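Notes for the one structure printed next.
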Amino acid sequence: MNHSDFRIGLEFVTEAGRWRCTDIGTRTITAIRLDRGDDTSWYDGPPYAIAETAFDEDDIASCEIAPERGSFGDTGKLQIGGLKQYPLSALSQICAIDYTAVIARNMPAMRTFYGDLLGFSLIRELSPNWVEYRVGGNVLALAKPRLTAADPPIPLGIASVQLAFRVPLAEVDRCAAELAQKSVALLSPPMDQSFGHRTLFFRDPDGNLLEIFAEIPSPPVSER
């Protein structure tokens, strides 16, 4: 098999038995082994009650599409009449968030804030009502949609979304200082949180909550 043959939920076989694909990476896939008989509760997830196994390119090359019905027991022999190839839900093929759209109430002010003040790179402007920025490996869109439901506008100053931006630990305090220099009011200055993040909070011109955070490394075991 090839990497492109896999989809989440696909069942395949190897010399070790029968498997079901649970995730697809850039060059690898992960799967659970279907060796628990007909008790399918073991295979409910994610999270799964049994361990997932990673398959690299060499492993994938030795895989074959599973027969429509059958399972592999502990002996490794095919048992006809066991597990079936379950029909896949179309929704199970959702594998990523492609972009995040923030509904802009004041588009000019929002464009100035995200493009000029925060310095996000402009990807494209599809129309005056849709502008996309690059944020790391993600896409952040500012939008005034007309194709969705005609919801009443959220009052100005009330957050409709919270966005969290990750930076290296040393940069949290530097970001706070830079925001202050640009006259952005902080809702919460940099502080260490009990859940292992150092955070700061502020708002965009529409009142949405924005967070800049970094993970605080755990101390070595010898120092705990």
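Just remember, in the structure tokens the first chain shown is A, the second B, etc., residues are 1-based per chain, and ligands are 1-based in the order shown.
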Practice prompt. Run DSSP on the backbone and give me the residues of region 5-197 of chain A it puts in helix (DSSP H, G or I), as a VMD selection string.
Written response: chain A and resid 5 40 to 43 57 to 61 90 to 93 107 to 117 171 to 181
Please produce, as a tab-separated table, a per-residue contact table for region 31-57 of chain A versus region 13-18 of chain A (criterion: any atom at most 9 Å away, only C-alpha atoms considered), showing the nearest atom pair and its distance in Å to one decimal, sorted by chain then residue number.
residue	atom	partner	partner_atom	distance
A:Ile32	CA	A:Arg18	CA	8.7
A:Arg33	CA	A:Arg18	CA	5.9
A:Leu34	CA	A:Arg18	CA	5.5
A:Asp35	CA	A:Arg18	CA	7.2
Worksheet item: Where does DSSP see strand (DSSP E or B) in region 95-159 of chain A, if you list the residues as a list in words?
Response: Thr100, Ala101, Val102, Ile103, Ser121, Leu122, Ile123, Arg124, Glu125, Leu126, Ser127, Trp130, Val131, Glu132, Tyr133, Arg134, Val135, Asn138, Val139, Leu140, Ala141, Leu142 and Ala143 of chain A
Store the residues picked out above in a file with C-alpha atoms, as a short mmCIF file (atom, residue, chain, number, x, y, z; two decimals), in the first residue's frame.
data_model
loop_
_atom_site.label_atom_id
_atom_site.label_comp_id
_atom_site.auth_asym_id
_atom_site.auth_seq_id
_atom_site.Cartn_x
_atom_site.Cartn_y
_atom_site.Cartn_z
CA THR A 100 -9.97 30.35 11.77
CA ALA A 101 -12.28 33.22 10.81
CA VAL A 102 -12.82 36.10 13.22
CA ILE A 103 -16.03 38.01 12.51
CA SER A 121 1.87 38.42 7.20
CA LEU A 122 -0.92 39.09 4.70
CA ILE A 123 -1.67 36.01 2.58
CA ARG A 124 -4.45 37.37 0.40
CA GLU A 125 -7.46 39.67 0.32
CA LEU A 126 -10.33 37.90 -1.40
CA SER A 127 -12.58 40.93 -0.95
CA TRP A 130 -12.35 38.65 3.72
CA VAL A 131 -8.65 39.06 4.54
CA GLU A 132 -6.26 36.23 5.44
CA TYR A 133 -3.07 36.37 7.52
CA ARG A 134 -0.39 33.77 8.18
CA VAL A 135 0.20 32.91 11.85
CA ASN A 138 -2.16 28.49 10.53
CA VAL A 139 -4.41 30.91 8.68
CA LEU A 140 -6.32 33.64 10.52
CA ALA A 141 -9.07 35.32 8.49
CA LEU A 142 -10.88 38.56 9.25
CA ALA A 143 -14.37 38.31 7.83
#
Discussion item. Just want the 12 Å neighbourhood of Asp192 (chain A), counted on only C-alpha atoms, with same-chain residues fewer than 4 positions away dropped. Output as a PyMOL selection string.
Written reply: chain A and resi 169+172-173+188+196-200+213-217
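Using only C-alpha atoms for every distance, the candidate list A:Ala61, A:Arg111, A:Glu171, A:Gly137 yields A:Gly137 as the residue closest to Asp98 (chain A).
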Response to the item:
Shortest contact to Leu186 (chain A), candidates A:Asp44, A:Glu52, A:Asp38, A:Asp204, atoms counted only C-alpha atoms, goes to A:Asp204
Discussion item. Please list as an NGL selection string every residue within 8 Å of region 152-158 of chain A, counting only C-alpha atoms and excluding residues in the same chain fewer than 6 positions away.
Written reply: :A and (105 or 205-208)
Could you turn the residues from that selection into a file that holds C-alpha atoms, as a CSV table (one decimal), in the first residue's frame?
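Output (out_14.csv):
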chain,number,residue,atom,x,y,z
A,105,ARG,CA,-17.2,44.4,13.4
A,205,PRO,CA,-10.3,46.5,18.6
A,206,ASP,CA,-13.5,44.4,18.5
A,207,GLY,CA,-13.1,43.4,22.1
A,208,ASN,CA,-12.0,39.8,21.4
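Going from CA of Glu211 (chain A) over to CA of Leu187 (chain A), you cover 9.7 Å.
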Practice prompt. Find the residues near Arg7 (chain A): any atom within 9 Å, counting only C-alpha atoms, skip ones fewer than 2 places away on the same chain, and give them as a PyMOL selection string.
Written response: chain A and resi 4-5+9-10+21-24+93
Item to complete: Name the residues in contact with Leu210 (chain A) at a cut-off of 8 Å, using only C-alpha atoms, excluding same-chain residues fewer than 2 positions from it; report them as a list of chain:residue names.
Response: A:Gln162, A:Leu163, A:Ala164, A:Phe165, A:Phe201, A:Phe202, A:Arg203, A:Asp204, A:Asn208, A:Ile212
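CA of Ala150 (chain A) to CA of Leu209 (chain A) spans 23.3 Å [interatomic distance, one decimal].
Minimum atom-to-atom distance to Asp59 (chain A), evaluated using only C-alpha atoms, belongs to A:Met1 out of A:Ala109, A:Met1, A:Cys175, A:Val161.
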